[in-house]
file input.cif (mmCIF, C-alpha atoms, pLDDT in the B column; chains and numbers go by the auth columns)
data_coords
#
loop_
_atom_site.group_PDB
_atom_site.id
_atom_site.type_symbol
_atom_site.label_atom_id
_atom_site.label_comp_id
_atom_site.label_asym_id
_atom_site.label_seq_id
_atom_site.Cartn_x
_atom_site.Cartn_y
_atom_site.Cartn_z
_atom_site.B_iso_or_equiv
_atom_site.auth_seq_id
_atom_site.auth_asym_id
ATOM 1 C CA MET A 1 -8.066 -31.068 31.501 50.00 1 W
ATOM 2 C CA SER A 2 -7.075 -32.097 35.012 50.00 2 W
ATOM 3 C CA SER A 3 -5.112 -29.913 37.442 50.00 3 W
ATOM 4 C CA ALA A 4 -2.558 -32.764 37.736 52.00 4 W
ATOM 5 C CA ILE A 5 -1.627 -32.420 34.058 47.00 5 W
ATOM 6 C CA PHE A 6 -1.229 -28.658 34.428 40.00 6 W
ATOM 7 C CA SER A 7 0.911 -29.129 37.511 49.00 7 W
ATOM 8 C CA ARG A 8 3.193 -31.503 35.611 50.00 8 W
ATOM 9 C CA TYR A 9 3.764 -29.350 32.526 44.00 9 W
ATOM 10 C CA PHE A 10 3.587 -25.873 34.027 43.00 10 W
ATOM 11 C CA GLN A 11 5.415 -26.446 37.312 52.00 11 W
ATOM 12 C CA PRO A 12 8.207 -23.999 36.354 51.00 12 W
ATOM 13 C CA LEU A 13 5.542 -21.416 35.477 52.00 13 W
ATOM 14 C CA PRO A 14 2.859 -21.745 38.141 54.00 14 W
ATOM 15 C CA GLN A 15 1.203 -18.398 37.354 56.00 15 W
ATOM 16 C CA ILE A 16 0.785 -19.262 33.673 52.00 16 W
ATOM 17 C CA GLY A 17 -0.460 -22.719 34.557 52.00 17 W
ATOM 18 C CA ALA A 18 -3.024 -21.293 36.946 54.00 18 W
ATOM 19 C CA ALA A 19 -4.219 -18.780 34.367 52.00 19 W
ATOM 20 C CA LEU A 20 -4.626 -21.480 31.719 47.00 20 W
ATOM 21 C CA LEU A 21 -6.467 -23.719 34.152 50.00 21 W
ATOM 22 C CA LEU A 22 -8.869 -20.844 34.848 51.00 22 W
ATOM 23 C CA LEU A 23 -9.299 -20.212 31.126 47.00 23 W
ATOM 24 C CA PHE A 24 -10.179 -23.829 30.342 50.00 24 W
ATOM 25 C CA SER A 25 -12.568 -23.988 33.258 55.00 25 W
ATOM 26 C CA CYS A 26 -14.655 -21.025 31.971 50.00 26 W
ATOM 27 C CA PRO A 27 -18.075 -21.901 30.551 53.00 27 W
ATOM 28 C CA ILE A 28 -18.076 -21.890 26.766 42.00 28 W
ATOM 29 C CA GLU A 29 -20.895 -19.322 26.835 44.00 29 W
ATOM 30 C CA SER A 30 -18.358 -16.725 27.982 41.00 30 W
ATOM 31 C CA PHE A 31 -16.887 -16.725 24.470 40.00 31 W
ATOM 32 C CA SER A 32 -20.096 -16.912 22.468 44.00 32 W
ATOM 33 C CA GLN A 33 -20.630 -14.534 19.543 51.00 33 W
ATOM 34 C CA ASP A 34 -22.823 -11.450 19.555 54.00 34 W
ATOM 35 C CA SER A 35 -26.460 -12.549 19.417 54.00 35 W
ATOM 36 C CA SER A 36 -27.138 -10.030 16.623 66.00 36 W
ATOM 37 C CA GLY A 37 -25.044 -12.097 14.232 77.00 37 W
ATOM 38 C CA GLU A 38 -23.479 -8.957 12.761 90.00 38 W
ATOM 39 C CA VAL A 39 -20.004 -9.363 11.271 94.00 39 W
ATOM 40 C CA ARG A 40 -18.162 -6.321 12.552 95.00 40 W
ATOM 41 C CA ILE A 41 -14.640 -5.124 11.848 96.00 41 W
ATOM 42 C CA VAL A 42 -13.850 -5.092 15.562 95.00 42 W
ATOM 43 C CA LYS A 43 -16.149 -5.431 18.551 93.00 43 W
ATOM 44 C CA ASN A 44 -17.510 -1.886 18.529 93.00 44 W
ATOM 45 C CA VAL A 45 -16.923 -0.886 14.892 95.00 45 W
ATOM 46 C CA SER A 46 -19.195 -2.098 12.094 95.00 46 W
ATOM 47 C CA PHE A 47 -17.790 0.097 9.316 95.00 47 W
ATOM 48 C CA VAL A 48 -15.274 2.817 8.524 96.00 48 W
ATOM 49 C CA GLU A 49 -16.052 5.853 6.386 96.00 49 W
ATOM 50 C CA PHE A 50 -13.696 8.436 4.892 96.00 50 W
ATOM 51 C CA THR A 51 -13.745 10.976 2.082 95.00 51 W
ATOM 52 C CA VAL A 52 -11.080 11.413 -0.592 94.00 52 W
ATOM 53 C CA GLU A 53 -11.321 14.142 -3.224 90.00 53 W
ATOM 54 C CA GLY A 54 -15.007 14.663 -2.442 92.00 54 W
ATOM 55 C CA LYS A 55 -15.874 10.959 -2.758 94.00 55 W
ATOM 56 C CA THR A 56 -16.985 9.138 0.383 95.00 56 W
ATOM 57 C CA TYR A 57 -16.043 5.497 0.842 96.00 57 W
ATOM 58 C CA ARG A 58 -17.484 3.013 3.316 96.00 58 W
ATOM 59 C CA ILE A 59 -15.607 -0.149 4.241 97.00 59 W
ATOM 60 C CA GLU A 60 -17.297 -2.952 6.136 97.00 60 W
ATOM 61 C CA ARG A 61 -17.239 -6.729 6.266 96.00 61 W
ATOM 62 C CA ASN A 62 -19.493 -8.991 4.249 93.00 62 W
ATOM 63 C CA ASN A 63 -22.272 -10.043 6.619 93.00 63 W
ATOM 64 C CA ASP A 64 -23.079 -13.209 4.711 92.00 64 W
ATOM 65 C CA GLN A 65 -21.527 -15.821 6.987 91.00 65 W
ATOM 66 C CA GLU A 66 -21.644 -18.361 4.152 90.00 66 W
ATOM 67 C CA ASN A 67 -19.549 -16.142 1.889 90.00 67 W
ATOM 68 C CA ARG A 68 -16.459 -17.733 0.318 90.00 68 W
ATOM 69 C CA ILE A 69 -13.454 -16.401 -1.579 87.00 69 W
ATOM 70 C CA GLU A 70 -13.745 -17.199 -5.251 80.00 70 W
ATOM 71 C CA ASP A 71 -11.584 -17.329 -8.349 78.00 71 W
ATOM 72 C CA SER A 72 -7.853 -16.589 -8.184 82.00 72 W
ATOM 73 C CA PHE A 73 -7.716 -15.704 -4.501 87.00 73 W
ATOM 74 C CA ALA A 74 -9.124 -19.071 -3.420 87.00 74 W
ATOM 75 C CA LYS A 75 -5.941 -20.796 -4.609 87.00 75 W
ATOM 76 C CA THR A 76 -3.492 -21.855 -1.912 86.00 76 W
ATOM 77 C CA SER A 77 -0.567 -22.912 -4.106 90.00 77 W
ATOM 78 C CA ARG A 78 1.374 -21.252 -6.874 90.00 78 W
ATOM 79 C CA ALA A 79 4.758 -22.112 -8.343 94.00 79 W
ATOM 80 C CA CYS A 80 7.673 -20.659 -6.385 92.00 80 W
ATOM 81 C CA PRO A 81 9.529 -19.027 -7.987 91.00 81 W
ATOM 82 C CA PRO A 82 8.108 -16.593 -8.813 91.00 82 W
ATOM 83 C CA PHE A 83 5.231 -16.720 -6.304 91.00 83 W
ATOM 84 C CA CYS A 84 7.221 -17.207 -3.105 94.00 84 W
ATOM 85 C CA VAL A 85 6.157 -16.199 0.408 92.00 85 W
ATOM 86 C CA HIS A 86 7.549 -12.798 1.370 92.00 86 W
ATOM 87 C CA PRO A 87 8.919 -11.982 4.820 88.00 87 W
ATOM 88 C CA MET A 88 6.950 -9.794 7.185 91.00 88 W
ATOM 89 C CA GLU A 89 9.590 -7.067 6.851 93.00 89 W
ATOM 90 C CA VAL A 90 10.041 -6.133 3.205 94.00 90 W
ATOM 91 C CA ALA A 91 13.077 -3.923 3.930 95.00 91 W
ATOM 92 C CA ASP A 92 14.801 -2.368 6.928 96.00 92 W
ATOM 93 C CA GLY A 93 12.892 0.616 8.274 96.00 93 W
ATOM 94 C CA ILE A 94 9.633 -0.151 6.424 97.00 94 W
ATOM 95 C CA ASP A 95 6.585 -0.630 8.649 97.00 95 W
ATOM 96 C CA THR A 96 4.297 -3.550 7.819 98.00 96 W
ATOM 97 C CA LEU A 97 0.563 -2.958 8.159 98.00 97 W
ATOM 98 C CA GLY A 98 -2.367 -5.201 8.961 97.00 98 W
ATOM 99 C CA GLU A 99 -5.941 -4.536 7.936 98.00 99 W
ATOM 100 C CA LEU A 100 -6.774 -2.288 10.908 98.00 100 W
ATOM 101 C CA GLU A 101 -3.675 -0.214 10.251 98.00 101 W
ATOM 102 C CA VAL A 102 -4.688 0.142 6.584 98.00 102 W
ATOM 103 C CA LEU A 103 -8.097 1.451 7.678 98.00 103 W
ATOM 104 C CA ASP A 104 -6.406 3.890 10.034 98.00 104 W
ATOM 105 C CA PHE A 105 -4.056 5.001 7.240 98.00 105 W
ATOM 106 C CA LEU A 106 -7.031 5.646 4.942 98.00 106 W
ATOM 107 C CA GLN A 107 -8.844 7.714 7.552 97.00 107 W
ATOM 108 C CA ASN A 108 -5.936 9.653 9.003 97.00 108 W
ATOM 109 C CA ARG A 109 -3.401 9.948 6.177 97.00 109 W
ATOM 110 C CA VAL A 110 -5.200 9.453 2.838 97.00 110 W
ATOM 111 C CA ALA A 111 -8.388 11.407 3.639 97.00 111 W
ATOM 112 C CA PRO A 112 -6.513 14.563 4.777 96.00 112 W
ATOM 113 C CA GLY A 113 -4.253 14.372 1.701 95.00 113 W
ATOM 114 C CA ALA A 114 -1.065 13.452 3.562 97.00 114 W
ATOM 115 C CA GLY A 115 -0.800 9.917 2.197 97.00 115 W
ATOM 116 C CA LEU A 116 -1.685 7.544 -0.613 97.00 116 W
ATOM 117 C CA LEU A 117 -2.713 3.914 -0.546 98.00 117 W
ATOM 118 C CA ILE A 118 -1.128 2.492 -3.697 98.00 118 W
ATOM 119 C CA ASP A 119 -2.347 -0.612 -5.472 98.00 119 W
ATOM 120 C CA ALA A 120 0.970 -1.619 -7.064 98.00 120 W
ATOM 121 C CA ARG A 121 -0.531 -4.317 -9.295 97.00 121 W
ATOM 122 C CA LEU A 122 -0.820 -4.193 -13.050 95.00 122 W
ATOM 123 C CA PRO A 123 -4.027 -2.512 -14.288 95.00 123 W
ATOM 124 C CA VAL A 124 -5.610 -5.826 -15.323 93.00 124 W
ATOM 125 C CA TRP A 125 -5.670 -6.843 -11.636 93.00 125 W
ATOM 126 C CA PHE A 126 -6.695 -3.407 -10.381 96.00 126 W
ATOM 127 C CA GLU A 127 -9.696 -3.356 -12.701 94.00 127 W
ATOM 128 C CA LYS A 128 -11.012 -6.616 -11.203 92.00 128 W
ATOM 129 C CA GLY A 129 -11.350 -5.015 -7.783 94.00 129 W
ATOM 130 C CA THR A 130 -9.340 -3.007 -5.287 97.00 130 W
ATOM 131 C CA ILE A 131 -9.418 -1.440 -1.821 97.00 131 W
ATOM 132 C CA PRO A 132 -11.613 1.670 -1.678 97.00 132 W
ATOM 133 C CA GLY A 133 -9.572 4.861 -1.630 96.00 133 W
ATOM 134 C CA SER A 134 -6.530 3.329 -3.316 97.00 134 W
ATOM 135 C CA VAL A 135 -4.887 4.535 -6.530 96.00 135 W
ATOM 136 C CA ASN A 136 -3.280 2.286 -9.120 97.00 136 W
ATOM 137 C CA ILE A 137 0.400 2.952 -9.763 96.00 137 W
ATOM 138 C CA PRO A 138 1.860 -0.295 -11.144 96.00 138 W
ATOM 139 C CA PHE A 139 5.121 -1.483 -9.618 96.00 139 W
ATOM 140 C CA ASN A 140 7.141 -1.111 -12.831 93.00 140 W
ATOM 141 C CA VAL A 141 6.379 2.630 -12.961 93.00 141 W
ATOM 142 C CA PHE A 142 8.858 3.132 -10.120 94.00 142 W
ATOM 143 C CA ALA A 143 11.717 1.272 -11.828 90.00 143 W
ATOM 144 C CA GLY A 144 14.157 3.912 -13.088 80.00 144 W
ATOM 145 C CA ASP A 145 15.717 1.587 -15.636 77.00 145 W
ATOM 146 C CA GLN A 146 12.303 0.887 -17.184 77.00 146 W
ATOM 147 C CA ASN A 147 10.556 4.243 -16.969 83.00 147 W
ATOM 148 C CA PRO A 148 12.220 7.483 -18.131 86.00 148 W
ATOM 149 C CA TYR A 149 9.337 9.396 -16.530 89.00 149 W
ATOM 150 C CA ARG A 150 9.869 7.983 -13.053 91.00 150 W
ATOM 151 C CA ASP A 151 11.049 11.283 -11.580 92.00 151 W
ATOM 152 C CA GLN A 152 7.890 12.982 -12.815 93.00 152 W
ATOM 153 C CA ILE A 153 5.855 10.353 -10.991 93.00 153 W
ATOM 154 C CA LEU A 154 7.857 10.927 -7.821 96.00 154 W
ATOM 155 C CA MET A 155 7.273 14.679 -8.141 95.00 155 W
ATOM 156 C CA ALA A 156 3.544 13.980 -8.445 95.00 156 W
ATOM 157 C CA LEU A 157 3.910 12.223 -5.074 96.00 157 W
ATOM 158 C CA GLY A 158 5.385 15.396 -3.553 96.00 158 W
ATOM 159 C CA ALA A 159 9.106 15.162 -4.286 96.00 159 W
ATOM 160 C CA GLU A 160 10.770 18.419 -5.339 95.00 160 W
ATOM 161 C CA ARG A 161 13.685 19.126 -7.664 94.00 161 W
ATOM 162 C CA THR A 162 16.595 20.875 -5.948 94.00 162 W
ATOM 163 C CA PRO A 163 18.857 23.469 -7.652 93.00 163 W
ATOM 164 C CA LEU A 164 21.431 20.683 -8.032 92.00 164 W
ATOM 165 C CA GLY A 165 18.945 18.583 -9.982 88.00 165 W
ATOM 166 C CA ARG A 166 18.340 16.041 -7.258 91.00 166 W
ATOM 167 C CA LEU A 167 15.013 15.081 -5.728 94.00 167 W
ATOM 168 C CA ALA A 168 14.138 16.152 -2.187 95.00 168 W
ATOM 169 C CA PHE A 169 11.420 14.247 -0.333 96.00 169 W
ATOM 170 C CA SER A 170 10.740 16.368 2.748 94.00 170 W
ATOM 171 C CA ASN A 171 7.246 17.232 1.450 95.00 171 W
ATOM 172 C CA ALA A 172 6.545 13.868 -0.176 97.00 172 W
ATOM 173 C CA LYS A 173 3.429 11.961 0.775 97.00 173 W
ATOM 174 C CA GLU A 174 3.370 8.932 3.029 98.00 174 W
ATOM 175 C CA LEU A 175 2.776 5.809 0.954 98.00 175 W
ATOM 176 C CA ALA A 176 1.267 2.435 1.810 98.00 176 W
ATOM 177 C CA LEU A 177 1.605 -0.190 -0.926 98.00 177 W
ATOM 178 C CA PHE A 178 -0.070 -3.541 -1.501 98.00 178 W
ATOM 179 C CA CYS A 179 -0.572 -6.147 -4.209 97.00 179 W
ATOM 180 C CA ASN A 180 -2.224 -9.573 -4.370 96.00 180 W
ATOM 181 C CA GLY A 181 -1.007 -11.085 -1.114 95.00 181 W
ATOM 182 C CA PRO A 182 1.981 -12.430 0.828 95.00 182 W
ATOM 183 C CA TRP A 183 3.047 -14.420 -2.252 94.00 183 W
ATOM 184 C CA CYS A 184 2.962 -11.420 -4.627 95.00 184 W
ATOM 185 C CA ASP A 185 6.154 -9.487 -5.373 95.00 185 W
ATOM 186 C CA GLN A 186 4.659 -6.439 -7.110 96.00 186 W
ATOM 187 C CA SER A 187 4.423 -4.171 -4.059 97.00 187 W
ATOM 188 C CA PRO A 188 7.805 -5.332 -2.660 97.00 188 W
ATOM 189 C CA ARG A 189 9.405 -4.504 -6.009 96.00 189 W
ATOM 190 C CA ALA A 190 7.741 -1.086 -6.003 97.00 190 W
ATOM 191 C CA ILE A 191 9.032 -0.458 -2.477 97.00 191 W
ATOM 192 C CA TRP A 192 12.579 -1.500 -3.379 97.00 192 W
ATOM 193 C CA SER A 193 12.482 0.840 -6.387 96.00 193 W
ATOM 194 C CA LEU A 194 11.240 3.713 -4.224 97.00 194 W
ATOM 195 C CA ILE A 195 14.082 3.135 -1.778 97.00 195 W
ATOM 196 C CA ASP A 196 16.575 3.085 -4.652 94.00 196 W
ATOM 197 C CA ALA A 197 15.147 6.410 -5.841 94.00 197 W
ATOM 198 C CA GLY A 198 15.789 7.947 -2.408 95.00 198 W
ATOM 199 C CA TYR A 199 12.223 7.923 -1.071 97.00 199 W
ATOM 200 C CA PRO A 200 12.442 8.075 2.747 97.00 200 W
ATOM 201 C CA ARG A 201 11.845 4.695 4.339 97.00 201 W
ATOM 202 C CA GLU A 202 9.857 6.278 7.167 97.00 202 W
ATOM 203 C CA LYS A 203 7.340 7.459 4.576 98.00 203 W
ATOM 204 C CA ILE A 204 6.780 3.993 3.084 98.00 204 W
ATOM 205 C CA LYS A 205 4.528 1.259 4.505 98.00 205 W
ATOM 206 C CA TYR A 206 3.813 -2.279 3.310 98.00 206 W
ATOM 207 C CA TYR A 207 0.444 -4.011 3.505 98.00 207 W
ATOM 208 C CA ARG A 208 1.732 -7.557 3.132 97.00 208 W
ATOM 209 C CA GLY A 209 -1.660 -9.282 3.293 97.00 209 W
ATOM 210 C CA GLY A 210 -2.830 -7.531 0.152 97.00 210 W
ATOM 211 C CA MET A 211 -6.000 -8.451 -1.693 96.00 211 W
ATOM 212 C CA GLN A 212 -6.022 -12.079 -0.606 95.00 212 W
ATOM 213 C CA ASN A 213 -6.151 -11.246 3.108 96.00 213 W
ATOM 214 C CA TRP A 214 -8.534 -8.335 2.477 97.00 214 W
ATOM 215 C CA LEU A 215 -10.974 -10.625 0.688 96.00 215 W
ATOM 216 C CA MET A 216 -10.496 -13.394 3.253 95.00 216 W
ATOM 217 C CA LEU A 217 -11.875 -11.024 5.890 96.00 217 W
ATOM 218 C CA GLY A 218 -14.811 -10.040 3.684 96.00 218 W
ATOM 219 C CA LEU A 219 -13.801 -6.381 3.561 97.00 219 W
ATOM 220 C CA THR A 220 -15.296 -4.069 0.952 97.00 220 W
ATOM 221 C CA THR A 221 -13.765 -3.887 -2.513 96.00 221 W
ATOM 222 C CA ILE A 222 -14.696 -1.704 -5.486 95.00 222 W
ATOM 223 C CA PRO A 223 -14.057 -2.096 -9.214 92.00 223 W
ATOM 224 C CA GLY A 224 -10.912 -0.283 -10.308 85.00 224 W
ATOM 225 C CA GLY A 225 -10.909 2.051 -13.279 64.00 225 W
ATOM 226 C CA SER A 226 -8.037 3.112 -15.437 43.00 226 W
ATOM 227 C CA PRO A 227 -4.740 3.938 -13.671 40.00 227 W
ATOM 228 C CA GLU A 228 -5.427 6.940 -11.491 41.00 228 W
ATOM 229 C CA LEU A 229 -2.269 9.050 -11.687 40.00 229 W
ATOM 230 C CA ASP A 230 -4.502 12.059 -12.365 40.00 230 W
ATOM 231 C CA ALA A 231 -5.942 11.588 -8.884 41.00 231 W
ATOM 232 C CA VAL A 232 -2.429 11.784 -7.464 40.00 232 W
ATOM 233 C CA GLU A 233 -1.705 15.014 -9.294 37.00 233 W
ATOM 234 C CA ASN A 234 -5.021 16.525 -8.242 39.00 234 W
ATOM 235 C CA GLN A 235 -4.030 16.162 -4.579 38.00 235 W
ATOM 236 C CA GLN A 236 -0.975 18.420 -4.979 34.00 236 W
#

call {"tool": "encode", "arguments": {"input": "input.cif", "output": "structure tokens"}}
result
Amino acid sequence: MSSAIFSRYFQPLPQIGAALLLLFSCPIESFSQDSSGEVRIVKNVSFVEFTVEGKTYRIERNNDQENRIEDSFAKTSRACPPFCVHPMEVADGIDTLGELEVLDFLQNRVAPGAGLLIDARLPVWFEKGTIPGSVNIPFNVFAGDQNPYRDQILMALGAERTPLGRLAFSNAKELALFCNGPWCDQSPRAIWSLIDAGYPREKIKYYRGGMQNWLMLGLTTIPGGSPELDAVENQQ
């Protein structure tokens, strides 16, 4: 690309134009991949390990560079409604996580027992495969109008009953919730129900990318078992 073209289009921003001209003039070898061919999570991290309830998990990326997403998660299009694209912010005051933030949450909140990564999908989806270290609490469990035992679930997450019969959440765990992907409404619905129940927004996080983005990056999954509410209670 000639310097004349840059001068024409970036005249109001000469510093940006100069930087872009330098970028495009760099030899392509400057951006070549690692000669080892390893598929790392980030440049200097090949895997992440953490231990939950005595079980050690290792998350890494699939190193088969011909690997492809299969089955349901390879689909690009689903009828909307109900499978509409969700906004990046699921609700005011709720942080949205990317994959690196999920890994950090697993290491620094889930492993020490201060947080839970919740797979909010129905068990049939969970059993097909999930993120290591997650527990399955389906989204409809948190809906007070559908589940008379909702408060017991919230108390398993650390909420406490006050003398007035209300729930207090000062000792409740931090939660990060996910479902099938940006088009899936199961984790958003779980988050909205938690907010309605009084769960503090600062203790709730949303992994919008969900399983579709996780698989797209070739990150480790494990088969899910039966819903693991017992694991939640064991962390109290």

call {"tool": "closest_residue", "arguments": {"input": "input.cif", "among": "W:Tyr199, W:Phe142, W:Phe126, W:Phe105", "to": "Ala172 (chain W)", "atoms": "only C-alpha atoms"}}
result
W:Tyr199

call {"tool": "residues_around", "arguments": {"input": "input.cif", "residues": "Met211 (chain W)", "least_positions_apart": "2", "cutoff": "10 Å", "atoms": "only C-alpha atoms", "output": "number ranges by chain"}}
result
W: 73, 119, 129-131, 178-182, 184, 207-209, 213-217, 219, 221

call {"tool": "residues_around", "arguments": {"input": "input.cif", "residues": "Asp151 (chain W)", "least_positions_apart": "3", "cutoff": "10 Å", "atoms": "only C-alpha atoms", "output": "VMD selection string"}}
result
chain W and resid 141 to 142 144 147 to 148 154 to 157 159 to 161 166 to 167 197

call {"tool": "resolve_selection", "arguments": {"input": "input.cif", "expression": "the PyMOL selection byres ((chain W and resi 82) around 9)", "output": "list in words"}}
result
Arg78, Ala79, Cys80, Pro81, Phe83, Cys84, Trp183, Cys184 and Asp185 of chain W

call {"tool": "atom_distance", "arguments": {"input": "input.cif", "atom1": "CA of Gln186 (chain W)", "atom2": "CA of Leu100 (chain W)"}}
result
21.7 Å

call {"tool": "atom_distance", "arguments": {"input": "input.cif", "atom1": "CA of Ser134 (chain W)", "atom2": "CA of Ile118 (chain W)"}}
result
5.5 Å

call {"tool": "atom_distance", "arguments": {"input": "input.cif", "atom1": "CA of Glu60 (chain W)", "atom2": "CA of Arg109 (chain W)"}}
result
19.0 Å

call {"tool": "residues_around", "arguments": {"input": "input.cif", "residues": "region 40-43 of chain W", "least_positions_apart": "2", "cutoff": "7 Å", "atoms": "only C-alpha atoms", "output": "list of chain:residue names"}}
result
W:Glu38, W:Val45, W:Ser46, W:Phe47, W:Glu60, W:Arg61
